[in-house]
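Student: Right, I'll just put the structure down here and ask away after.
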Amino acid sequence: MMKFRGYDKVKKVLYNSIGYIDYSNKTCQLAFIDENENCYAEVKRNFNDVILLRSTGKYDYFGTEIFEGYIVSDDEVLYVVEWDKEDAMFALNTSVVSLNFSHIDSNFLEVVGNIYEDQHLLKENENDHN
C-alpha cells in the first residue's frame, strides 16, 4: 500500500498523513498521526491546494521514512528526493547530478528537511559550494 504525506498550500504546513483521498470530488483530508498512532483529522482540501508526497519505501540512518520532496544528506551533499517521470523512479537530485535512488543505500542518508518548509537549507548549501 502506498503511503502519502501532504503539503497544505493554504496553511503552508506539511501533514504527516492523509486521512482519505476522494477522487470523485477531487478532495483529500490532511491529518497528523502522533507517536501513539492517534490520528487527528485536520483539514479537507481540494486537490489544487495540496501537494501529495509519496513514500519511497526507504528509511534513513535514524529510521525516518523518506518521502518525495524530502531533503537528505550523506554528510557531504544535500539531495532532494524527487520522482523522475521519464524514468519512472525516485531520484536524488542536486543542481549538478541526478542519482537513481534504488541504487543508493539509504542507511547512509539522513533526512534533514523538506523542500516546502526548509528551502533555506538548499540555498545555504548552494552558497557553500560557490
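How things are named: the first chain in the C-alpha cells is A, the next is B, and so on; residues count from 1 in each chain; ligands count from 1 in the order shown.
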Report the residues of range 19-107 of chain A whose backbone DSSP state falls under strand (DSSP E), written as a ChimeraX atom specification.
Tutor: /A:19-22,27-33,39-46,50-59,65-67,70-73,78-84,89-93,98-100
Student: For the residues in the current selection, export C-alpha atoms as a CSV table (one decimal), in the first residue's frame.
Tutor:
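Okay, part.csv is ready:
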```
chain,number,residue,atom,x,y,z
A,19,GLY,CA,-6.9,10.6,6.1
A,20,TYR,CA,-8.5,9.9,2.8
A,21,ILE,CA,-8.3,10.7,-0.9
A,22,ASP,CA,-11.7,11.3,-2.7
A,27,THR,CA,-10.5,16.4,-2.3
A,28,CYS,CA,-8.4,14.8,0.5
A,29,GLN,CA,-8.2,15.1,4.2
A,30,LEU,CA,-4.8,16.1,5.7
A,31,ALA,CA,-4.0,14.7,9.2
A,32,PHE,CA,-1.4,14.3,11.8
A,33,ILE,CA,-0.5,11.0,13.5
A,39,CYS,CA,-4.9,10.2,14.1
A,40,TYR,CA,-6.1,13.8,14.2
A,41,ALA,CA,-8.1,14.9,11.2
A,42,GLU,CA,-7.2,18.5,10.4
A,43,VAL,CA,-8.4,19.8,7.2
A,44,LYS,CA,-10.2,18.8,4.0
A,45,ARG,CA,-8.7,20.4,0.9
A,46,ASN,CA,-9.2,20.4,-2.9
A,50,VAL,CA,-2.4,20.0,-1.8
A,51,ILE,CA,0.9,18.5,-2.9
A,52,LEU,CA,1.0,14.8,-2.2
A,53,LEU,CA,4.3,13.3,-1.3
A,54,ARG,CA,4.8,9.6,-1.9
A,55,SER,CA,6.8,7.4,0.3
A,56,THR,CA,10.0,5.9,-1.3
A,57,GLY,CA,9.7,2.9,0.9
A,58,LYS,CA,13.2,3.6,2.2
A,59,TYR,CA,14.4,4.8,5.6
A,65,GLU,CA,10.8,7.2,6.4
A,66,ILE,CA,11.9,9.1,3.3
A,67,PHE,CA,9.3,10.8,1.1
A,70,TYR,CA,12.5,15.5,1.4
A,71,ILE,CA,16.0,16.9,1.7
A,72,VAL,CA,18.5,14.2,2.6
A,73,SER,CA,22.2,14.4,3.4
A,78,LEU,CA,22.3,17.7,0.2
A,79,TYR,CA,19.9,15.9,-2.2
A,80,VAL,CA,16.3,16.5,-3.0
A,81,VAL,CA,14.2,13.3,-3.3
A,82,GLU,CA,12.1,13.6,-6.5
A,83,TRP,CA,10.0,11.4,-8.8
A,84,ASP,CA,11.6,11.1,-12.2
A,89,MET,CA,11.8,6.1,-10.4
A,90,PHE,CA,12.8,8.1,-7.4
A,91,ALA,CA,15.9,10.1,-7.8
A,92,LEU,CA,18.3,12.0,-5.5
A,93,ASN,CA,18.9,15.4,-7.2
A,98,SER,CA,20.7,13.0,-10.5
A,99,LEU,CA,21.1,9.6,-8.9
A,100,ASN,CA,18.8,6.6,-9.2
```
Student: For Asp74 in chain A, find every residue with an atom within 9 Å (counting only C-alpha atoms), except residues of its own chain fewer than 6 positions away, and show them as a ChimeraX atom specification.
Tutor: /A:108-110
Student: Between CA of Lys26 in chain A and CA of Glu117 in chain A, what is the spacing in Å?
Tutor: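 It comes out at 24.7 Å.
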Student: Give me, as a PyMOL selection string, the residues of chain A that a backbone DSSP run labels alpha helix (DSSP H).
Tutor: chain A and resi 119-128
Student: Using only C-alpha atoms, which of A:Phe62, A:Asp87, A:Glu76, A:Thr94 sits nearest Asn107 in chain A?
Tutor: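 For Asn107 in chain A, the nearest of the given residues is A:Phe62.
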